$ cat coords-v3.txt   # compact mmCIF, N, CA and C atoms
# COMPACT_ATOMS: atom_id res chain seq x y z
N ARG V 1 74.42 86.87 113.33
CA ARG V 1 75.68 86.15 113.24
C ARG V 1 76.77 87.08 112.69
N THR V 2 77.92 86.93 113.27
CA THR V 2 79.05 87.76 112.89
C THR V 2 80.26 86.87 112.61
N ALA V 3 80.94 87.14 111.52
CA ALA V 3 82.22 86.49 111.24
C ALA V 3 83.32 87.51 111.51
N TRP V 4 84.48 87.04 111.88
CA TRP V 4 85.58 87.96 112.11
C TRP V 4 86.88 87.31 111.67
N THR V 5 87.84 88.15 111.39
CA THR V 5 89.17 87.68 111.06
C THR V 5 90.17 88.72 111.54
N ARG V 6 91.39 88.29 111.68
CA ARG V 6 92.49 89.20 112.01
C ARG V 6 93.46 89.18 110.84
N LEU V 7 93.85 90.35 110.41
CA LEU V 7 94.76 90.49 109.28
C LEU V 7 95.99 91.27 109.72
N GLN V 8 97.12 90.93 109.15
CA GLN V 8 98.33 91.71 109.42
C GLN V 8 98.44 92.82 108.39
N ARG V 9 98.56 94.02 108.88
CA ARG V 9 98.71 95.19 108.02
C ARG V 9 100.20 95.34 107.67
N PRO V 10 100.51 95.49 106.37
CA PRO V 10 101.93 95.66 106.01
C PRO V 10 102.42 97.06 106.38
N ASN V 11 103.71 97.15 106.74
CA ASN V 11 104.29 98.46 106.99
C ASN V 11 104.77 99.07 105.67
N LYS V 12 105.52 100.16 105.73
CA LYS V 12 105.94 100.86 104.52
C LYS V 12 106.86 100.03 103.62
N THR V 13 107.53 99.02 104.20
CA THR V 13 108.42 98.17 103.40
C THR V 13 107.70 96.93 102.88
N GLY V 14 106.41 96.79 103.24
CA GLY V 14 105.64 95.63 102.80
C GLY V 14 105.68 94.46 103.76
N GLN V 15 106.42 94.60 104.85
CA GLN V 15 106.50 93.52 105.85
C GLN V 15 105.33 93.63 106.83
N PRO V 16 104.85 92.49 107.35
CA PRO V 16 103.75 92.53 108.32
C PRO V 16 104.13 93.34 109.55
N SER V 17 103.21 94.14 110.04
CA SER V 17 103.48 94.91 111.25
C SER V 17 102.37 94.67 112.26
N ASP V 18 101.41 95.57 112.38
CA ASP V 18 100.35 95.40 113.36
C ASP V 18 99.20 94.57 112.81
N THR V 19 98.33 94.15 113.70
CA THR V 19 97.19 93.32 113.34
C THR V 19 95.92 94.14 113.41
N VAL V 20 95.05 93.96 112.44
CA VAL V 20 93.76 94.64 112.42
C VAL V 20 92.66 93.59 112.37
N GLU V 21 91.57 93.82 113.12
CA GLU V 21 90.45 92.88 113.15
C GLU V 21 89.33 93.41 112.27
N VAL V 22 88.73 92.51 111.48
CA VAL V 22 87.60 92.86 110.62
C VAL V 22 86.43 91.97 111.03
N LYS V 23 85.29 92.62 111.31
CA LYS V 23 84.07 91.88 111.64
C LYS V 23 83.06 92.08 110.53
N ILE V 24 82.32 91.02 110.21
CA ILE V 24 81.36 91.04 109.11
C ILE V 24 80.02 90.53 109.61
N ASP V 25 78.96 91.31 109.39
CA ASP V 25 77.61 90.87 109.72
C ASP V 25 77.15 89.93 108.61
N LEU V 26 76.98 88.66 108.94
CA LEU V 26 76.64 87.66 107.93
C LEU V 26 75.23 87.82 107.37
N ARG V 27 74.39 88.59 108.05
CA ARG V 27 73.01 88.78 107.57
C ARG V 27 72.89 89.92 106.58
N HIS V 28 73.92 90.76 106.50
CA HIS V 28 73.87 91.92 105.60
C HIS V 28 74.13 91.46 104.17
N PRO V 29 73.30 91.89 103.21
CA PRO V 29 73.42 91.38 101.83
C PRO V 29 74.72 91.74 101.11
N ASN V 30 75.39 92.80 101.50
CA ASN V 30 76.62 93.22 100.80
C ASN V 30 77.85 93.04 101.68
N SER V 31 77.91 91.93 102.39
CA SER V 31 79.01 91.71 103.32
C SER V 31 80.16 90.89 102.76
N GLY V 32 80.17 90.61 101.49
CA GLY V 32 81.31 89.94 100.89
C GLY V 32 81.14 88.45 100.65
N PHE V 33 82.25 87.82 100.30
CA PHE V 33 82.24 86.41 99.91
C PHE V 33 81.89 85.47 101.07
N VAL V 34 82.40 85.75 102.26
CA VAL V 34 82.12 84.88 103.39
C VAL V 34 80.63 84.88 103.70
N ALA V 35 80.02 86.06 103.72
CA ALA V 35 78.57 86.14 103.97
C ALA V 35 77.79 85.46 102.85
N SER V 36 78.21 85.64 101.62
CA SER V 36 77.53 84.98 100.49
C SER V 36 77.62 83.47 100.63
N ALA V 37 78.79 82.98 101.04
CA ALA V 37 78.97 81.54 101.22
C ALA V 37 78.13 81.04 102.39
N TYR V 38 78.12 81.80 103.48
CA TYR V 38 77.35 81.42 104.66
C TYR V 38 75.86 81.32 104.34
N ASN V 39 75.36 82.21 103.50
CA ASN V 39 73.94 82.25 103.17
C ASN V 39 73.58 81.45 101.93
N SER V 40 74.52 80.70 101.37
CA SER V 40 74.25 79.96 100.14
C SER V 40 73.34 78.76 100.37
N VAL V 41 72.79 78.27 99.29
CA VAL V 41 71.86 77.13 99.35
C VAL V 41 72.64 75.84 99.60
N ARG V 42 72.12 75.00 100.48
CA ARG V 42 72.76 73.74 100.81
C ARG V 42 71.95 72.56 100.28
N VAL V 43 72.64 71.52 99.91
CA VAL V 43 71.99 70.24 99.58
C VAL V 43 72.58 69.24 100.55
N GLY V 44 71.85 68.95 101.63
CA GLY V 44 72.39 68.13 102.70
C GLY V 44 73.55 68.85 103.36
N SER V 45 74.70 68.20 103.44
CA SER V 45 75.86 68.85 104.04
C SER V 45 76.78 69.46 102.98
N TYR V 46 76.41 69.37 101.70
CA TYR V 46 77.25 69.93 100.63
C TYR V 46 76.80 71.35 100.31
N VAL V 47 77.76 72.25 100.21
CA VAL V 47 77.48 73.64 99.86
C VAL V 47 78.46 74.05 98.76
N GLN V 48 77.97 74.75 97.77
CA GLN V 48 78.78 75.18 96.63
C GLN V 48 79.87 76.15 97.07
N ALA V 49 81.06 75.97 96.54
CA ALA V 49 82.17 76.88 96.80
C ALA V 49 82.03 78.14 95.95
N ILE V 50 82.64 79.22 96.41
CA ILE V 50 82.75 80.44 95.62
C ILE V 50 84.21 80.52 95.20
N ASN V 51 84.46 80.53 93.89
CA ASN V 51 85.81 80.56 93.35
C ASN V 51 85.88 81.69 92.34
N VAL V 52 86.54 82.78 92.70
CA VAL V 52 86.55 84.00 91.88
C VAL V 52 87.99 84.36 91.52
N PRO V 53 88.32 84.46 90.23
CA PRO V 53 89.69 84.80 89.84
C PRO V 53 90.05 86.28 90.07
N ASP V 54 89.07 87.17 90.02
CA ASP V 54 89.32 88.59 90.25
C ASP V 54 88.22 89.16 91.13
N ALA V 55 88.50 89.27 92.43
CA ALA V 55 87.50 89.67 93.41
C ALA V 55 86.87 91.01 93.09
N ARG V 56 87.65 91.95 92.60
CA ARG V 56 87.14 93.31 92.37
C ARG V 56 86.09 93.37 91.25
N LEU V 57 86.03 92.35 90.41
CA LEU V 57 85.05 92.32 89.33
C LEU V 57 83.75 91.61 89.73
N ASP V 58 83.70 91.11 90.95
CA ASP V 58 82.53 90.35 91.42
C ASP V 58 81.67 91.24 92.32
N SER V 59 80.36 91.19 92.11
CA SER V 59 79.45 92.06 92.87
C SER V 59 79.40 91.72 94.36
N ARG V 60 79.85 90.53 94.77
CA ARG V 60 79.84 90.15 96.18
C ARG V 60 81.04 90.67 96.94
N TRP V 61 82.02 91.21 96.23
CA TRP V 61 83.26 91.64 96.88
C TRP V 61 83.00 92.83 97.81
N ASN V 62 83.60 92.76 99.00
CA ASN V 62 83.50 93.83 99.98
C ASN V 62 84.93 94.32 100.24
N ALA V 63 85.17 95.59 99.99
CA ALA V 63 86.52 96.14 100.08
C ALA V 63 86.97 96.46 101.50
N GLU V 64 86.12 96.26 102.50
CA GLU V 64 86.44 96.67 103.87
C GLU V 64 87.76 96.07 104.38
N ALA V 65 87.96 94.77 104.20
CA ALA V 65 89.18 94.13 104.70
C ALA V 65 90.42 94.70 104.01
N ASP V 66 90.34 94.92 102.70
CA ASP V 66 91.49 95.50 101.99
C ASP V 66 91.78 96.91 102.49
N LYS V 67 90.75 97.69 102.71
CA LYS V 67 90.94 99.07 103.20
C LYS V 67 91.58 99.09 104.58
N LYS V 68 91.12 98.21 105.46
CA LYS V 68 91.67 98.18 106.82
C LYS V 68 93.08 97.63 106.88
N SER V 69 93.37 96.67 106.01
CA SER V 69 94.66 95.98 106.10
C SER V 69 95.73 96.52 105.16
N GLY V 70 95.32 97.22 104.10
CA GLY V 70 96.27 97.65 103.09
C GLY V 70 96.61 96.53 102.11
N TYR V 71 95.91 95.43 102.22
CA TYR V 71 96.13 94.25 101.38
C TYR V 71 95.38 94.41 100.07
N ARG V 72 95.79 93.71 99.02
CA ARG V 72 95.11 93.76 97.71
C ARG V 72 94.60 92.37 97.38
N THR V 73 93.30 92.15 97.58
CA THR V 73 92.70 90.86 97.27
C THR V 73 92.55 90.70 95.78
N LYS V 74 92.96 89.54 95.27
CA LYS V 74 92.81 89.23 93.84
C LYS V 74 91.88 88.03 93.72
N SER V 75 92.42 86.82 93.76
CA SER V 75 91.57 85.63 93.65
C SER V 75 91.07 85.20 95.03
N VAL V 76 89.88 84.59 95.03
CA VAL V 76 89.25 84.17 96.28
C VAL V 76 88.64 82.78 96.11
N LEU V 77 88.86 81.94 97.10
CA LEU V 77 88.17 80.66 97.21
C LEU V 77 87.51 80.66 98.58
N CYS V 78 86.20 80.55 98.60
CA CYS V 78 85.45 80.61 99.84
C CYS V 78 84.54 79.40 99.91
N ILE V 79 84.71 78.61 100.97
CA ILE V 79 83.97 77.35 101.08
C ILE V 79 83.25 77.28 102.43
N PRO V 80 81.91 77.25 102.37
CA PRO V 80 81.15 77.01 103.59
C PRO V 80 81.12 75.51 103.86
N VAL V 81 81.20 75.13 105.12
CA VAL V 81 81.17 73.72 105.48
C VAL V 81 80.05 73.52 106.48
N ALA V 82 79.16 72.58 106.15
CA ALA V 82 77.98 72.34 106.97
C ALA V 82 78.15 71.11 107.86
N THR V 83 77.42 71.12 108.95
CA THR V 83 77.34 69.94 109.82
C THR V 83 76.45 68.90 109.12
N ALA V 84 76.35 67.73 109.70
CA ALA V 84 75.50 66.67 109.13
C ALA V 84 74.04 67.11 109.06
N SER V 85 73.64 68.01 109.95
CA SER V 85 72.26 68.50 109.96
C SER V 85 72.03 69.63 108.94
N GLY V 86 73.10 70.08 108.29
CA GLY V 86 72.97 71.12 107.27
C GLY V 86 73.24 72.53 107.75
N ARG V 87 73.60 72.70 109.03
CA ARG V 87 73.91 74.04 109.56
C ARG V 87 75.34 74.42 109.18
N ILE V 88 75.51 75.62 108.62
CA ILE V 88 76.86 76.09 108.30
C ILE V 88 77.57 76.41 109.61
N ALA V 89 78.67 75.72 109.87
CA ALA V 89 79.42 75.91 111.11
C ALA V 89 80.74 76.62 110.85
N VAL V 90 81.28 76.48 109.64
CA VAL V 90 82.59 77.04 109.31
C VAL V 90 82.54 77.57 107.89
N VAL V 91 83.15 78.73 107.68
CA VAL V 91 83.39 79.22 106.31
C VAL V 91 84.88 79.51 106.22
N LEU V 92 85.54 78.80 105.30
CA LEU V 92 86.99 79.00 105.11
C LEU V 92 87.20 79.80 103.84
N GLN V 93 88.16 80.70 103.89
CA GLN V 93 88.46 81.54 102.73
C GLN V 93 89.96 81.54 102.48
N ALA V 94 90.33 81.32 101.24
CA ALA V 94 91.73 81.44 100.81
C ALA V 94 91.78 82.58 99.81
N VAL V 95 92.82 83.37 99.86
CA VAL V 95 92.94 84.49 98.93
C VAL V 95 94.29 84.48 98.22
N ASN V 96 94.27 85.01 97.02
CA ASN V 96 95.46 85.27 96.21
C ASN V 96 96.30 84.02 95.92
N LYS V 97 95.74 83.18 95.07
CA LYS V 97 96.45 81.99 94.57
C LYS V 97 97.79 82.44 94.00
N THR V 98 98.85 81.79 94.42
CA THR V 98 100.19 82.22 93.99
C THR V 98 100.72 81.48 92.77
N THR V 99 100.11 80.34 92.42
CA THR V 99 100.65 79.55 91.30
C THR V 99 99.71 79.52 90.10
N GLY V 100 98.88 80.52 89.98
CA GLY V 100 97.97 80.59 88.84
C GLY V 100 96.93 81.67 89.05
N PRO V 101 96.08 81.89 88.06
CA PRO V 101 95.11 82.98 88.16
C PRO V 101 93.91 82.66 89.06
N ARG V 102 93.64 81.37 89.29
CA ARG V 102 92.49 81.02 90.13
C ARG V 102 92.76 79.72 90.89
N PHE V 103 91.98 79.49 91.91
CA PHE V 103 92.10 78.27 92.68
C PHE V 103 91.56 77.09 91.87
N THR V 104 92.17 75.93 92.05
CA THR V 104 91.85 74.74 91.26
C THR V 104 90.89 73.82 92.03
N PRO V 105 90.33 72.82 91.34
CA PRO V 105 89.53 71.81 92.05
C PRO V 105 90.33 71.10 93.16
N ALA V 106 91.63 70.92 92.95
CA ALA V 106 92.46 70.31 94.00
C ALA V 106 92.55 71.22 95.22
N ASP V 107 92.66 72.53 94.99
CA ASP V 107 92.67 73.48 96.11
C ASP V 107 91.35 73.39 96.87
N GLU V 108 90.25 73.34 96.13
CA GLU V 108 88.93 73.25 96.74
C GLU V 108 88.81 71.97 97.58
N ALA V 109 89.29 70.85 97.04
CA ALA V 109 89.22 69.59 97.78
C ALA V 109 90.02 69.66 99.07
N LEU V 110 91.20 70.26 99.03
CA LEU V 110 92.03 70.40 100.22
C LEU V 110 91.34 71.27 101.28
N ILE V 111 90.78 72.39 100.84
CA ILE V 111 90.09 73.28 101.79
C ILE V 111 88.86 72.58 102.38
N ARG V 112 88.16 71.78 101.57
CA ARG V 112 87.00 71.03 102.10
C ARG V 112 87.43 70.02 103.17
N ILE V 113 88.59 69.38 102.97
CA ILE V 113 89.10 68.44 103.98
C ILE V 113 89.40 69.19 105.28
N ILE V 114 90.08 70.31 105.15
CA ILE V 114 90.38 71.14 106.33
C ILE V 114 89.07 71.58 106.99
N GLY V 115 88.09 71.94 106.17
CA GLY V 115 86.80 72.37 106.69
C GLY V 115 86.07 71.27 107.44
N SER V 116 86.12 70.04 106.91
CA SER V 116 85.42 68.94 107.59
C SER V 116 86.06 68.66 108.95
N ILE V 117 87.38 68.78 109.03
CA ILE V 117 88.06 68.63 110.32
C ILE V 117 87.65 69.77 111.25
N SER V 118 87.58 70.97 110.72
CA SER V 118 87.19 72.15 111.51
C SER V 118 85.79 72.01 112.07
N VAL V 119 84.87 71.51 111.24
CA VAL V 119 83.48 71.33 111.70
C VAL V 119 83.44 70.36 112.87
N GLY V 120 84.20 69.27 112.78
CA GLY V 120 84.26 68.31 113.89
C GLY V 120 84.75 68.96 115.17
N ILE V 121 85.75 69.81 115.06
CA ILE V 121 86.29 70.51 116.23
C ILE V 121 85.26 71.48 116.79
N VAL V 122 84.61 72.25 115.91
CA VAL V 122 83.58 73.21 116.35
C VAL V 122 82.45 72.47 117.07
N GLU V 123 81.98 71.38 116.49
CA GLU V 123 80.88 70.63 117.12
C GLU V 123 81.31 70.07 118.48
N ALA V 124 82.53 69.56 118.58
CA ALA V 124 83.01 69.04 119.87
C ALA V 124 83.09 70.15 120.91
N CYS V 125 83.55 71.32 120.50
CA CYS V 125 83.63 72.47 121.42
C CYS V 125 82.24 72.91 121.86
N GLU V 126 81.29 72.92 120.92
CA GLU V 126 79.92 73.31 121.27
C GLU V 126 79.32 72.33 122.27
N LYS V 127 79.54 71.03 122.07
CA LYS V 127 79.02 70.02 123.00
C LYS V 127 79.68 70.18 124.38
N HIS V 128 81.00 70.39 124.38
CA HIS V 128 81.72 70.57 125.63
C HIS V 128 81.22 71.81 126.36
N HIS V 129 81.03 72.90 125.62
CA HIS V 129 80.55 74.15 126.22
C HIS V 129 79.16 73.95 126.80
N ALA V 130 78.27 73.31 126.04
CA ALA V 130 76.90 73.07 126.51
C ALA V 130 76.91 72.22 127.77
N ALA V 131 77.75 71.18 127.81
CA ALA V 131 77.84 70.33 128.98
C ALA V 131 78.38 71.11 130.18
N GLY V 132 79.37 71.96 129.94
CA GLY V 132 79.94 72.78 131.01
C GLY V 132 78.93 73.77 131.56
N VAL V 133 78.13 74.37 130.71
CA VAL V 133 77.10 75.31 131.15
C VAL V 133 76.08 74.56 132.00
N HIS V 134 75.69 73.35 131.57
CA HIS V 134 74.74 72.56 132.33
C HIS V 134 75.32 72.19 133.69
N GLU V 135 76.59 71.75 133.72
CA GLU V 135 77.23 71.39 134.98
C GLU V 135 77.32 72.59 135.90
N LEU V 136 77.65 73.76 135.34
CA LEU V 136 77.76 74.98 136.14
C LEU V 136 76.40 75.33 136.74
N SER V 137 75.34 75.28 135.93
CA SER V 137 74.02 75.62 136.44
C SER V 137 73.58 74.62 137.51
N MET V 138 73.90 73.33 137.35
CA MET V 138 73.55 72.33 138.36
C MET V 138 74.31 72.61 139.65
N GLY V 139 75.58 73.01 139.52
CA GLY V 139 76.38 73.34 140.71
C GLY V 139 75.80 74.53 141.45
N ILE V 140 75.34 75.52 140.72
CA ILE V 140 74.74 76.70 141.34
C ILE V 140 73.45 76.30 142.06
N LEU V 141 72.64 75.43 141.42
CA LEU V 141 71.40 74.99 142.06
C LEU V 141 71.69 74.19 143.32
N GLU V 142 72.71 73.33 143.28
CA GLU V 142 73.06 72.53 144.44
C GLU V 142 73.51 73.43 145.59
N GLU V 143 74.31 74.46 145.29
CA GLU V 143 74.76 75.41 146.31
C GLU V 143 73.57 76.15 146.91
N ALA V 144 72.58 76.49 146.07
CA ALA V 144 71.43 77.23 146.54
C ALA V 144 70.55 76.38 147.46
N ASP V 145 70.59 75.05 147.28
CA ASP V 145 69.79 74.16 148.12
C ASP V 145 70.39 73.94 149.49
N LYS V 146 71.65 74.29 149.69
CA LYS V 146 72.33 74.04 150.97
C LYS V 146 71.88 74.99 152.04
$ encode --input "coords-v3.txt" --output "structure tokens"
Amino acid sequence: RTAWTRLQRPNKTGQPSDTVEVKIDLRHPNSGFVASAYNSVRVGSYVQAINVPDARLDSRWNAEADKKSGYRTKSVLCIPVATASGRIAVVLQAVNKTTGPRFTPADEALIRIIGSISVGIVEACEKHHAAGVHELSMGILEEADK
């Protein structure tokens, strides 16, 4: 499994310029907060959030995204969201809280709401894709029978 994100790299004046893509192998033990969240222990569909006020002081921090983007990660809130069956379908990450040193329980609740909506969308897309693949294969078989 691979997670990916696109980040805007700042130019010399600090304004966003080009976009850089970062891919993370979720099975690798030192792949950062998203991988740690993805591999965390679940109780039903609930998974513990990772809320870190200073990313650089945490052993799970992976500097790859900062190096590629020129960005400076400080605080991190990372929330894995599971399907009803317990499979992690979405991991959302917020960085650099602007109104305090760390993300609050209210921030976590908001991200969980966004995550639950995201999981519903992902599941609907997966069902649609699976149905489309089945329809395509049936169409190919029907053509072959002609």
$ residues_around --input "coords-v3.txt" --residues "Arg112 in chain V" --least-positions-apart "4" --cutoff "12 Å" --atoms "only C-alpha atoms" --output "count of residues only"
24
$ closest_residue --input "coords-v3.txt" --among "V:Phe33, V:Ser17, V:Val122, V:Asp66" --to "Ile88 in chain V" --atoms "only C-alpha atoms"
V:Val122
$ closest_residue --input "coords-v3.txt" --among "V:Val95, V:Ala84, V:Ala37, V:Ile114" --to "Asp54 in chain V" --atoms "only C-alpha atoms"
V:Val95
$ atom_distance --input "coords-v3.txt" --atom1 "CA of Ser85 in chain V" --atom2 "CA of Gly32 in chain V"
25.0 Å
$ closest_residue --input "coords-v3.txt" --among "V:Arg1, V:Val52, V:Asn96, V:Ile24" --to "Arg72 in chain V" --atoms "all atoms listed in the file"
V:Asn96
$ residues_around --input "coords-v3.txt" --residues "Arg102 in chain V" --least-positions-apart "4" --cutoff "6 Å" --atoms "all atoms listed in the file" --output "MDAnalysis selection string"
chainID V and resid 52:53 75 97
$ atom_distance --input "coords-v3.txt" --atom1 "atom C of Cys125 in chain V" --atom2 "atom C of Ala89 in chain V"
11.7 Å
$ closest_residue --input "coords-v3.txt" --among "V:Gly120, V:Ile113, V:Glu126, V:Val22" --to "Lys68 in chain V" --atoms "only N, CA and C atoms"
V:Val22
$ atom_distance --input "coords-v3.txt" --atom1 "CA of Asp18 in chain V" --atom2 "CA of Asn62 in chain V"
21.6 Å
$ axis_aligned_box --input "coords-v3.txt" --around "range 103-107 of chain V" --padding-each-side "3 Å" --output "AutoDock Vina command-line options"
--center_x 91.1 --center_y 74.9 --center_z 94.1 --size_x 9.1 --size_y 15.2 --size_z 11.6
$ select_by_dssp --input "coords-v3.txt" --residues "range 62-123 of chain V" --states "strand (DSSP E)" --output "list in words"
Val76, Leu77, Cys78, Ile79, Pro80, Val81, Ala82, Ile88, Ala89, Val90, Val91, Leu92, Gln93, Ala94 and Val95 of chain V
$ closest_residue --input "coords-v3.txt" --among "V:Ser69, V:Asn51, V:Ser36, V:Thr2" --to "Val20 in chain V" --atoms "only C-alpha atoms"
V:Ser69
$ build_atoms --input "coords-v3.txt" --residues "range 99-116 of chain V" --atoms "N, CA, C and O atoms" --output "PDB file, in the frame of the given file"
ATOM      1  N   THR V  99     100.110  80.340  92.420  1.00  0.00           N
ATOM      2  CA  THR V  99     100.650  79.550  91.300  1.00  0.00           C
ATOM      3  C   THR V  99      99.710  79.520  90.100  1.00  0.00           C
ATOM      4  O   THR V  99      99.765  78.593  89.307  1.00  0.00           O
ATOM      5  N   GLY V 100      98.880  80.520  89.980  1.00  0.00           N
ATOM      6  CA  GLY V 100      97.970  80.590  88.840  1.00  0.00           C
ATOM      7  C   GLY V 100      96.930  81.670  89.050  1.00  0.00           C
ATOM      8  O   GLY V 100      96.874  82.280  90.115  1.00  0.00           O
ATOM      9  N   PRO V 101      96.080  81.890  88.060  1.00  0.00           N
ATOM     10  CA  PRO V 101      95.110  82.980  88.160  1.00  0.00           C
ATOM     11  C   PRO V 101      93.910  82.660  89.060  1.00  0.00           C
ATOM     12  O   PRO V 101      93.244  83.565  89.522  1.00  0.00           O
ATOM     13  N   ARG V 102      93.640  81.370  89.290  1.00  0.00           N
ATOM     14  CA  ARG V 102      92.490  81.020  90.130  1.00  0.00           C
ATOM     15  C   ARG V 102      92.760  79.720  90.890  1.00  0.00           C
ATOM     16  O   ARG V 102      93.666  78.971  90.543  1.00  0.00           O
ATOM     17  N   PHE V 103      91.980  79.490  91.910  1.00  0.00           N
ATOM     18  CA  PHE V 103      92.100  78.270  92.680  1.00  0.00           C
ATOM     19  C   PHE V 103      91.560  77.090  91.870  1.00  0.00           C
ATOM     20  O   PHE V 103      90.630  77.235  91.087  1.00  0.00           O
ATOM     21  N   THR V 104      92.170  75.930  92.050  1.00  0.00           N
ATOM     22  CA  THR V 104      91.850  74.740  91.260  1.00  0.00           C
ATOM     23  C   THR V 104      90.890  73.820  92.030  1.00  0.00           C
ATOM     24  O   THR V 104      90.696  73.990  93.235  1.00  0.00           O
ATOM     25  N   PRO V 105      90.330  72.820  91.340  1.00  0.00           N
ATOM     26  CA  PRO V 105      89.530  71.810  92.050  1.00  0.00           C
ATOM     27  C   PRO V 105      90.330  71.100  93.160  1.00  0.00           C
ATOM     28  O   PRO V 105      89.777  70.743  94.199  1.00  0.00           O
ATOM     29  N   ALA V 106      91.630  70.920  92.950  1.00  0.00           N
ATOM     30  CA  ALA V 106      92.460  70.310  94.000  1.00  0.00           C
ATOM     31  C   ALA V 106      92.550  71.220  95.220  1.00  0.00           C
ATOM     32  O   ALA V 106      92.517  70.740  96.360  1.00  0.00           O
ATOM     33  N   ASP V 107      92.660  72.530  94.990  1.00  0.00           N
ATOM     34  CA  ASP V 107      92.670  73.480  96.110  1.00  0.00           C
ATOM     35  C   ASP V 107      91.350  73.390  96.870  1.00  0.00           C
ATOM     36  O   ASP V 107      91.329  73.362  98.110  1.00  0.00           O
ATOM     37  N   GLU V 108      90.250  73.340  96.130  1.00  0.00           N
ATOM     38  CA  GLU V 108      88.930  73.250  96.740  1.00  0.00           C
ATOM     39  C   GLU V 108      88.810  71.970  97.580  1.00  0.00           C
ATOM     40  O   GLU V 108      88.322  71.994  98.710  1.00  0.00           O
ATOM     41  N   ALA V 109      89.290  70.850  97.040  1.00  0.00           N
ATOM     42  CA  ALA V 109      89.220  69.590  97.780  1.00  0.00           C
ATOM     43  C   ALA V 109      90.020  69.660  99.070  1.00  0.00           C
ATOM     44  O   ALA V 109      89.549  69.198 100.131  1.00  0.00           O
ATOM     45  N   LEU V 110      91.200  70.260  99.030  1.00  0.00           N
ATOM     46  CA  LEU V 110      92.030  70.400 100.220  1.00  0.00           C
ATOM     47  C   LEU V 110      91.340  71.270 101.280  1.00  0.00           C
ATOM     48  O   LEU V 110      91.293  70.907 102.459  1.00  0.00           O
ATOM     49  N   ILE V 111      90.780  72.390 100.840  1.00  0.00           N
ATOM     50  CA  ILE V 111      90.090  73.280 101.790  1.00  0.00           C
ATOM     51  C   ILE V 111      88.860  72.580 102.380  1.00  0.00           C
ATOM     52  O   ILE V 111      88.548  72.734 103.554  1.00  0.00           O
ATOM     53  N   ARG V 112      88.160  71.780 101.570  1.00  0.00           N
ATOM     54  CA  ARG V 112      87.000  71.030 102.100  1.00  0.00           C
ATOM     55  C   ARG V 112      87.430  70.020 103.170  1.00  0.00           C
ATOM     56  O   ARG V 112      86.745  69.819 104.165  1.00  0.00           O
ATOM     57  N   ILE V 113      88.590  69.380 102.970  1.00  0.00           N
ATOM     58  CA  ILE V 113      89.100  68.440 103.980  1.00  0.00           C
ATOM     59  C   ILE V 113      89.400  69.190 105.280  1.00  0.00           C
ATOM     60  O   ILE V 113      89.007  68.760 106.365  1.00  0.00           O
ATOM     61  N   ILE V 114      90.080  70.310 105.150  1.00  0.00           N
ATOM     62  CA  ILE V 114      90.380  71.140 106.330  1.00  0.00           C
ATOM     63  C   ILE V 114      89.070  71.580 106.990  1.00  0.00           C
ATOM     64  O   ILE V 114      88.935  71.563 108.216  1.00  0.00           O
ATOM     65  N   GLY V 115      88.090  71.940 106.170  1.00  0.00           N
ATOM     66  CA  GLY V 115      86.800  72.370 106.690  1.00  0.00           C
ATOM     67  C   GLY V 115      86.070  71.270 107.440  1.00  0.00           C
ATOM     68  O   GLY V 115      85.476  71.509 108.498  1.00  0.00           O
ATOM     69  N   SER V 116      86.120  70.040 106.910  1.00  0.00           N
ATOM     70  CA  SER V 116      85.420  68.940 107.590  1.00  0.00           C
ATOM     71  C   SER V 116      86.060  68.660 108.950  1.00  0.00           C
ATOM     72  O   SER V 116      85.365  68.361 109.923  1.00  0.00           O
TER      73      SER V 116
END
